[in-house]
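Undergrad: To start, I am sharing the structure in question, which I have written as structure tokens.
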Amino acid sequence: MSVKLSILLVLSCFLSFSVLAQEKSKKELKAERELQKQKEIEALIDSKNFVFEAQKATPQGGRLLNLDYNTYFLKFNETKTTCDLPFFGRAYNVAYGGDGGIKFEGVPENIKIDKSKKKVTVKATVKGKDDVFDLLFTIFSDGGASLSVSSNNRAPISYDGEVHPPKTDEIKK
């Protein structure tokens, strides 16, 4: 009788160890991926070196416009910020013969970063050649972001898109 009991005890130990050694569930794997993405986004924001790619534009008082055909971007860096975004809306004082988009290069000033649990807000001011642009990024932990651009010569406009690290050849420039 004791032999049967000892065999049963050993067998139950093996079964319990195999249950404890199971692989992680899908929820746990998803949570780990989300946490990893959140850490990557936080590192990008802390380095003050990221690229915002616009996918949708919302002009002031207008409807949502999908930006399907071209790659519109804002490369944010604390030493040089480059922007090429389309503009839809009212322009008050724009150079004659210009292409109508928001295009500038400059050094961001007054950079302020506010972190909360689910999002990060980045504010900066960039002086372009002909205008001064106030940028307000709202960046979420999954990499999604929105950008509001205000300037002296144009009505405010906002963009929805994604934030990602600059490509290696962009970092060298």
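Note on naming: chains are A, B, ... as they come in the structure tokens, residues start from 1 per chain, ligands start from 1 in the order shown.
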Write out as a PyMOL selection string the residues lying within 9 Å of stretch 42-53 of chain A, counting only C-alpha atoms and excluding same-chain residues fewer than 2 positions away.

TA: chain A and resi 37-40+55+71-78+113+120+122+139+141+145-147+160-167+171

Undergrad: Can you measure atom CA of A:Asp131 to atom CA of A:Gly143 for me? One decimal in Å is fine.

TA: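 Answer for the atom CA of A:Asp131 to atom CA of A:Gly143 separation: 28.9 Å.
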
Undergrad: Could you give me the residues within stretch 14-136 of chain A that DSSP places in alpha helix (DSSP H), as a PyMOL selection string?

TA: chain A and resi 14-20+26-47

Undergrad: Running DSSP on the backbone, which parts of chain A land in strand (DSSP E or B), as a ChimeraX atom specification?

TA: /A:49-59,65-66,72-77,81-85,91,102-106,108-115,119-127,132-140,144-151,154,157-164

Undergrad: Any idea what's packed within 6 Å of A:Thr58, counting only C-alpha atoms, ignoring anything in its chain fewer than 3 positions away? Could you give it as a list in words?

TA: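 The residues that qualify are Arg63, Leu64, Ile157 and Ser158 of chain A.
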